[in-house]
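**Q** Handing you this structure, nothing more for now.
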Amino acid sequence: MKILMIFHFCPNPPPRDLGPAKRTFPFLREVLKRHEVSVLTFGSPEEEQYFKRHMDGVCKHIVFVNNARPKYINFLRRAYALLRGKSMFYTLYSRKMQREIDKLVQEEHFDIIHCATILLGFHRFPKGIPLVGDTHNVEYDLLYRAFLESKNILHKAIYYLEHTLGKPQEIKNCKKFDAITATTKRDYEILHAEMPDHRISVIQNGVDPGFFEPMDVELEPNTMVFTGLMSYFPNDHGIMYFLDKIFPLVLEQVPTTRLYVVGKNPSKGLRARSSENIIVTGFVEDVRPYIARGEVFIIPLLIGGGIRGKALEAMAMKKPIVSTSIGCEGIVLNPGESVLVADTPADFANSVVRIFNDADLKNRLGTNAHATALKEYDWEQKGRQLEIIFQTVLKDKHATSVLAPQTAAAGKR
């Protein structure tokens with residue numbers, strides 16, 4: 001098949017697979033095993049250069065749309081959308097992207113168009129080509145969780161407004177697609193309740209065990225590691241919660257504890273917390289050495305949706321994990337055996353210290369989590385699930401196109 005894959009963030013290969021690319025690049029790689037693929041994506045000139053260095057000659061077409069704008073322009077676009085009764089989701093629409101979609105579908109015949117998020121559904125697509133859309137999260141549900149957790153009155157009001165405006169727009173976008181993939185059963189149930197007759201499937205995130213694997217490096221005693229795209233609000237919110245409520249309790253018991261916060265675009269507030277005990281790295285080329293030398297991988301998230309790729313990476317690298325319930329939501333983990341789950345500051349701090357002081361517990365958690373990653377979260381398996389969806393929607397579309405002329409002819413008799 002000839003497939004056009006459209007991305008809202010550049011699907012850069014490891015080790016630059018930040019944020020959404022942890023899901024989108026493996027899907028791209030799996031689809032390329034069976035089909036001719038053209039890529040259309042938002043991205044900077046630097047990202048374009050990196051992507052083409054790795055993928056040129058592999059994809060039929062590679063088209064980048066540089067949609068970078070000054071922050072004040074993004075703010076004004078978001079404010080204007082709100083004034084028109086539209087959520088911030090609408091700001092993902094781009095005339096540049098629309099022109100490139102139109103151009104590609106005129107130049108090539110595509111059997112399927114796959115969008116890395118259903119929010120790309122604000123764009124127009126040609127009739128007759130099956131559309132498959134992915135959902136990293138149910139975005140309006142994520143906004144509602146942010147509303148519940150936010151302590152700032154203004155932020156709380158904005159999150160609620162965005163949730164209220166965004167929900168009907170997100171559902172409307174979903175209905176444009178012939179099939180939708182969700183990352184968790186919970187996300188499936190949320191969408192299914194709104195669209196009971198729509199084709200929705202669950203394809204969980206995966207991990208590449210050949211890339212994220214245990215490394216033979218010396219552990220740094222009494223260290224914790226958190227990774228993620230730090231401009232993503234749930235990550236910033238989660239680590240600030242950890243620093244404010246949990247880390248002081250850990251330091252009371254183990255004063256030499258160090259925390260590595262590894263990820264692109266840390267906020268000014270987070271950078272200001274840097275100290276001898278708190279290392280905020282910003283962007284790094286490769287997160288694996290940091291994960292490898294840490295004794296405990298922490299996921300102190302209070303807001304989230306979908307499956308956290310960071311958890312799967314830590315599991316594949318045989319790391320003991322301490323997480324909130326939301327941080328490991330949707331992942332096949334057995335509390336006490338393959339993860340320690342803690343939803344209060346005291347429980348979280350005590351769980352970290354337990355692992356510091358108990359080598360057997362540390363090894364058991366890491367070993368069991370690693371076995372689960374290998375068994376449940378292999379990307380090849382996820383690629384086969386996506387392939388079944390492609391084949392199904394294409395078959396249904398073909399059956400519909402064959403039936404339509406027959407129905408019209410029967411109506412004339």
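Numbering starts fresh at 1 for the residues of each chain in the structure tokens, the chains themselves are lettered A, B, ... in the order given, and ligands are numbered from 1 as they appear.
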Sorted by chain and rising residue number, list the residues of range 42-84 of chain A at most 10 Å from range 22-36 of chain A (counting only C-alpha atoms), each with its closest atom pair and distance in Å to one decimal, as a tab-separated table.

**A**
```
residue	atom	partner	partner_atom	distance
A:Met55	CA	A:Arg29	CA	9.8
A:Val58	CA	A:Leu32	CA	7.9
A:Cys59	CA	A:Glu36	CA	7.0
A:Lys60	CA	A:Glu36	CA	6.5
A:His61	CA	A:Glu36	CA	9.5
```

**Q** Keeping only all heavy atoms, write the selected residues as a JSON list (two decimals), in the first residue's frame.

**A**
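The new file result_39.json reads:
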```json
[["chain", "number", "residue", "atom", "x", "y", "z"],
["A", 55, "MET", "N", 16.46, 9.13, 7.47],
["A", 55, "MET", "CA", 15.32, 8.52, 6.78],
["A", 55, "MET", "C", 15.25, 8.83, 5.29],
["A", 55, "MET", "O", 14.38, 8.30, 4.60],
["A", 55, "MET", "CB", 14.02, 8.97, 7.45],
["A", 55, "MET", "CG", 13.94, 8.69, 8.94],
["A", 55, "MET", "SD", 14.10, 6.94, 9.36],
["A", 55, "MET", "CE", 12.55, 6.31, 8.72],
["A", 58, "VAL", "N", 14.47, 6.23, 2.49],
["A", 58, "VAL", "CA", 13.63, 5.19, 3.09],
["A", 58, "VAL", "C", 12.16, 5.51, 2.85],
["A", 58, "VAL", "O", 11.35, 4.63, 2.55],
["A", 58, "VAL", "CB", 13.91, 5.06, 4.60],
["A", 58, "VAL", "CG1", 13.02, 3.98, 5.23],
["A", 58, "VAL", "CG2", 15.38, 4.73, 4.84],
["A", 59, "CYS", "N", 11.82, 6.80, 2.98],
["A", 59, "CYS", "CA", 10.45, 7.26, 2.73],
["A", 59, "CYS", "C", 10.33, 7.80, 1.31],
["A", 59, "CYS", "O", 11.28, 8.37, 0.77],
["A", 59, "CYS", "CB", 10.08, 8.36, 3.72],
["A", 59, "CYS", "SG", 10.20, 7.87, 5.46],
["A", 60, "LYS", "N", 9.16, 7.63, 0.69],
["A", 60, "LYS", "CA", 8.94, 8.08, -0.69],
["A", 60, "LYS", "C", 9.05, 9.61, -0.77],
["A", 60, "LYS", "O", 9.76, 10.16, -1.60],
["A", 60, "LYS", "CB", 7.57, 7.61, -1.18],
["A", 60, "LYS", "CG", 7.21, 8.09, -2.59],
["A", 60, "LYS", "CD", 8.11, 7.45, -3.64],
["A", 60, "LYS", "CE", 7.75, 7.92, -5.05],
["A", 60, "LYS", "NZ", 6.41, 7.50, -5.48],
["A", 61, "HIS", "N", 8.29, 10.29, 0.08],
["A", 61, "HIS", "CA", 8.35, 11.75, 0.17],
["A", 61, "HIS", "C", 8.60, 12.13, 1.62],
["A", 61, "HIS", "O", 8.06, 11.50, 2.54],
["A", 61, "HIS", "CB", 7.04, 12.41, -0.29],
["A", 61, "HIS", "CG", 6.69, 12.15, -1.71],
["A", 61, "HIS", "ND1", 7.27, 12.82, -2.77],
["A", 61, "HIS", "CD2", 5.80, 11.27, -2.27],
["A", 61, "HIS", "CE1", 6.75, 12.38, -3.90],
["A", 61, "HIS", "NE2", 5.85, 11.45, -3.63]]
```

**Q** Using DSSP on the backbone, list every residue of range 141-372 of chain A that comes out as alpha helix (DSSP H), and give them as a VMD selection string.

**A** chain A and resid 141 to 149 153 to 174 185 to 194 233 to 241 247 to 253 268 to 271 288 to 293 309 to 316 345 to 357 359 to 372

**Q** Pull the closest atom pair for each residue of range 205-309 of chain A that gets at most 8 Å from range 144-167 of chain A, along with the distance in Å to one decimal, counting only C-alpha atoms, ordering rows by chain and then ascending residue number, as a Markdown table.

**A**
```
| residue | atom | partner | partner_atom | distance |
| --- | --- | --- | --- | --- |
| A:Pro234 | CA | A:Ala146 | CA | 7.8 |
| A:Leu302 | CA | A:Glu149 | CA | 7.4 |
| A:Ile303 | CA | A:Arg145 | CA | 5.8 |
| A:Gly304 | CA | A:Arg145 | CA | 7.5 |
```

**Q** Considering only C-alpha atoms, can you say which of A:Glu276, A:Ile307, A:Arg288, A:Ala342 comes closest to Arg186 in chain A?

**A** A:Ile307

**Q** Point out the residue among A:Leu119, A:Met240, A:Leu333, A:Leu131 with the least atom-to-atom distance to Pro168 in chain A, counting only C-alpha atoms.

**A**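 Among the listed residues, the smallest separation from Pro168 in chain A belongs to A:Leu119.
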
**Q** Determine, counting only C-alpha atoms, which protein, DNA and RNA residues have an atom within 8 Å of an atom of range 343-345 of chain A; residues of the same chain fewer than 2 positions away are not included. Present the result as an MDAnalysis selection string.

**A** chainID A and resid 242 245:246 249 323:325 341 347:349

**Q** Dump N, CA and C atoms for the selected residues as a PDB file, in the first residue's frame?

**A**
```
ATOM      1  N   PHE A 242       6.815  16.910  43.084  1.00  0.00           N
ATOM      2  CA  PHE A 242       7.805  16.062  43.749  1.00  0.00           C
ATOM      3  C   PHE A 242       8.795  16.908  44.547  1.00  0.00           C
ATOM      4  N   LYS A 245       6.824  18.601  47.655  1.00  0.00           N
ATOM      5  CA  LYS A 245       6.163  17.779  48.669  1.00  0.00           C
ATOM      6  C   LYS A 245       6.922  16.519  49.072  1.00  0.00           C
ATOM      7  N   ILE A 246       7.677  15.941  48.140  1.00  0.00           N
ATOM      8  CA  ILE A 246       8.256  14.619  48.381  1.00  0.00           C
ATOM      9  C   ILE A 246       9.752  14.666  48.647  1.00  0.00           C
ATOM     10  N   LEU A 249      11.130  15.138  52.113  1.00  0.00           N
ATOM     11  CA  LEU A 249      10.954  13.970  52.981  1.00  0.00           C
ATOM     12  C   LEU A 249      12.021  12.912  52.713  1.00  0.00           C
ATOM     13  N   SER A 323       6.053   5.153  41.395  1.00  0.00           N
ATOM     14  CA  SER A 323       5.134   5.946  40.582  1.00  0.00           C
ATOM     15  C   SER A 323       3.841   6.217  41.324  1.00  0.00           C
ATOM     16  N   THR A 324       3.203   7.315  40.955  1.00  0.00           N
ATOM     17  CA  THR A 324       1.810   7.515  41.356  1.00  0.00           C
ATOM     18  C   THR A 324       0.940   6.572  40.525  1.00  0.00           C
ATOM     19  N   SER A 325      -0.317   6.448  40.908  1.00  0.00           N
ATOM     20  CA  SER A 325      -1.237   5.605  40.139  1.00  0.00           C
ATOM     21  C   SER A 325      -1.374   6.112  38.710  1.00  0.00           C
ATOM     22  N   VAL A 341       3.782   1.695  43.959  1.00  0.00           N
ATOM     23  CA  VAL A 341       2.815   2.752  43.679  1.00  0.00           C
ATOM     24  C   VAL A 341       2.542   3.524  44.959  1.00  0.00           C
ATOM     25  N   ASP A 347       4.239   8.301  51.442  1.00  0.00           N
ATOM     26  CA  ASP A 347       4.377   6.956  50.866  1.00  0.00           C
ATOM     27  C   ASP A 347       5.398   6.957  49.735  1.00  0.00           C
ATOM     28  N   PHE A 348       5.374   8.004  48.918  1.00  0.00           N
ATOM     29  CA  PHE A 348       6.306   8.081  47.799  1.00  0.00           C
ATOM     30  C   PHE A 348       7.750   8.165  48.309  1.00  0.00           C
ATOM     31  N   ALA A 349       7.987   9.064  49.273  1.00  0.00           N
ATOM     32  CA  ALA A 349       9.334   9.222  49.825  1.00  0.00           C
ATOM     33  C   ALA A 349       9.809   7.933  50.481  1.00  0.00           C
TER      34      ALA A 349
END
```

**Q** Within 12 Å of range 262-265 of chain A, counting only C-alpha atoms, which residues qualify if same-chain residues fewer than 6 places away don't, as a PyMOL selection string?

**A** chain A and resi 15-19+224-233+235-236+239+271+278-291+294+297-298+310

**Q** So which residues touch range 362-375 of chain A within 12 Å, counting only C-alpha atoms, skipping near sequence neighbours fewer than 6 positions away, as number ranges by chain?

**A** A: 204-210, 212-214, 292, 294-297, 309-322, 328, 331-341, 351-356, 381

**Q** Store the residues picked out above, limited to N, CA and C atoms, as a compact mmCIF listing (two decimals), in the first residue's frame.

**A**
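Output file out24.txt follows:
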```txt
# COMPACT_ATOMS: atom_id res chain seq x y z
N GLN A 204 -1.48 -0.15 22.62
CA GLN A 204 -0.66 0.46 23.66
C GLN A 204 0.70 0.88 23.10
N ASN A 205 1.37 1.73 23.85
CA ASN A 205 2.74 2.07 23.49
C ASN A 205 3.64 0.85 23.65
N GLY A 206 4.77 0.90 23.00
CA GLY A 206 5.75 -0.16 23.13
C GLY A 206 7.11 0.42 23.48
N VAL A 207 8.10 -0.44 23.46
CA VAL A 207 9.47 -0.02 23.72
C VAL A 207 10.39 -0.90 22.89
N ASP A 208 11.49 -0.34 22.45
CA ASP A 208 12.47 -1.09 21.66
C ASP A 208 13.50 -1.69 22.61
N PRO A 209 13.40 -3.01 22.90
CA PRO A 209 14.32 -3.61 23.87
C PRO A 209 15.75 -3.70 23.36
N GLY A 210 15.93 -3.52 22.03
CA GLY A 210 17.28 -3.51 21.49
C GLY A 210 17.98 -2.18 21.69
N PHE A 212 16.60 0.36 24.30
CA PHE A 212 16.53 0.53 25.74
C PHE A 212 16.74 -0.83 26.38
N GLU A 213 17.94 -1.07 26.85
CA GLU A 213 18.29 -2.34 27.46
C GLU A 213 19.20 -2.07 28.65
N PRO A 214 19.29 -3.03 29.58
CA PRO A 214 20.18 -2.81 30.73
C PRO A 214 21.60 -2.49 30.27
N ALA A 292 20.41 4.65 33.34
CA ALA A 292 21.21 3.50 33.72
C ALA A 292 21.90 3.68 35.07
N GLY A 294 21.03 5.71 37.55
CA GLY A 294 20.15 6.04 38.66
C GLY A 294 19.70 4.79 39.40
N GLU A 295 19.54 4.91 40.71
CA GLU A 295 19.07 3.76 41.50
C GLU A 295 17.56 3.59 41.40
N VAL A 296 16.83 4.68 41.28
CA VAL A 296 15.37 4.63 41.25
C VAL A 296 14.87 5.55 40.15
N PHE A 297 13.90 5.05 39.38
CA PHE A 297 13.23 5.87 38.37
C PHE A 297 11.90 6.31 38.95
N GLY A 309 5.62 6.73 28.01
CA GLY A 309 6.75 6.05 27.39
C GLY A 309 7.94 5.95 28.31
N LYS A 310 8.10 6.94 29.19
CA LYS A 310 9.22 6.94 30.12
C LYS A 310 9.21 5.70 31.01
N ALA A 311 8.00 5.26 31.40
CA ALA A 311 7.88 4.08 32.26
C ALA A 311 8.36 2.84 31.51
N LEU A 312 7.96 2.71 30.25
CA LEU A 312 8.36 1.54 29.46
C LEU A 312 9.87 1.52 29.25
N GLU A 313 10.47 2.69 29.05
CA GLU A 313 11.92 2.76 28.87
C GLU A 313 12.65 2.32 30.13
N ALA A 314 12.18 2.79 31.28
CA ALA A 314 12.80 2.38 32.54
C ALA A 314 12.63 0.88 32.77
N MET A 315 11.46 0.35 32.43
CA MET A 315 11.22 -1.08 32.58
C MET A 315 12.18 -1.88 31.71
N ALA A 316 12.35 -1.44 30.45
CA ALA A 316 13.24 -2.15 29.53
C ALA A 316 14.69 -2.10 30.01
N MET A 317 15.04 -1.06 30.77
CA MET A 317 16.40 -0.92 31.27
C MET A 317 16.55 -1.51 32.68
N LYS A 318 15.53 -2.24 33.12
CA LYS A 318 15.59 -3.01 34.37
C LYS A 318 15.68 -2.12 35.61
N LYS A 319 15.01 -0.98 35.55
CA LYS A 319 15.08 -0.03 36.65
C LYS A 319 13.89 -0.19 37.60
N PRO A 320 14.11 -0.13 38.90
CA PRO A 320 12.99 -0.11 39.85
C PRO A 320 12.26 1.23 39.74
N ILE A 321 10.94 1.18 39.74
CA ILE A 321 10.12 2.37 39.52
C ILE A 321 9.26 2.65 40.75
N VAL A 322 9.23 3.93 41.14
CA VAL A 322 8.23 4.40 42.10
C VAL A 322 7.35 5.39 41.35
N CYS A 328 1.70 5.32 36.21
CA CYS A 328 1.83 4.00 35.58
C CYS A 328 0.48 3.49 35.08
N ILE A 331 -0.52 0.47 32.33
CA ILE A 331 0.62 -0.42 32.11
C ILE A 331 0.44 -1.68 32.94
N VAL A 332 0.80 -2.82 32.37
CA VAL A 332 0.66 -4.10 33.07
C VAL A 332 1.80 -4.23 34.08
N LEU A 333 1.57 -3.71 35.27
CA LEU A 333 2.56 -3.79 36.35
C LEU A 333 1.87 -4.27 37.62
N ASN A 334 2.58 -5.05 38.40
CA ASN A 334 2.03 -5.62 39.62
C ASN A 334 2.60 -4.86 40.82
N PRO A 335 1.79 -4.03 41.48
CA PRO A 335 2.29 -3.26 42.62
C PRO A 335 2.95 -4.15 43.67
N GLY A 336 4.13 -3.75 44.09
CA GLY A 336 4.88 -4.51 45.07
C GLY A 336 5.83 -5.52 44.47
N GLU A 337 5.57 -5.90 43.21
CA GLU A 337 6.40 -6.88 42.53
C GLU A 337 7.18 -6.31 41.36
N SER A 338 6.55 -5.43 40.60
CA SER A 338 7.25 -4.83 39.46
C SER A 338 7.21 -3.30 39.49
N VAL A 339 6.57 -2.73 40.50
CA VAL A 339 6.53 -1.27 40.68
C VAL A 339 6.06 -0.99 42.11
N LEU A 340 6.50 0.11 42.67
CA LEU A 340 5.93 0.59 43.93
C LEU A 340 5.05 1.78 43.60
N VAL A 341 3.78 1.70 43.96
CA VAL A 341 2.81 2.75 43.68
C VAL A 341 2.54 3.52 44.96
N SER A 351 8.89 4.91 49.83
CA SER A 351 9.12 3.88 48.82
C SER A 351 10.49 4.06 48.18
N VAL A 352 10.86 5.30 47.89
CA VAL A 352 12.19 5.57 47.32
C VAL A 352 13.28 5.11 48.28
N VAL A 353 13.14 5.46 49.55
CA VAL A 353 14.16 5.11 50.54
C VAL A 353 14.23 3.60 50.74
N ARG A 354 13.10 2.94 50.67
CA ARG A 354 13.10 1.46 50.78
C ARG A 354 13.98 0.85 49.71
N ILE A 355 13.86 1.34 48.49
CA ILE A 355 14.66 0.80 47.40
C ILE A 355 16.14 1.11 47.61
N PHE A 356 16.44 2.33 48.07
CA PHE A 356 17.84 2.67 48.37
C PHE A 356 18.45 1.65 49.34
N GLN A 381 4.82 -6.20 17.66
CA GLN A 381 3.44 -6.63 17.93
C GLN A 381 2.47 -5.48 17.70
```

**Q** With distances taken over only C-alpha atoms, which residue among A:Ile299, A:Leu251, A:Leu40, A:Ala21 lies nearest Asp102 in chain A?

**A**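 Distance minimum relative to Asp102 in chain A lands on A:Leu40.
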
**Q** CA of Lys71 in chain A and CA of Pro11 in chain A, how far apart in Å?

**A**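 Distance between the two atoms: 22.7 Å.
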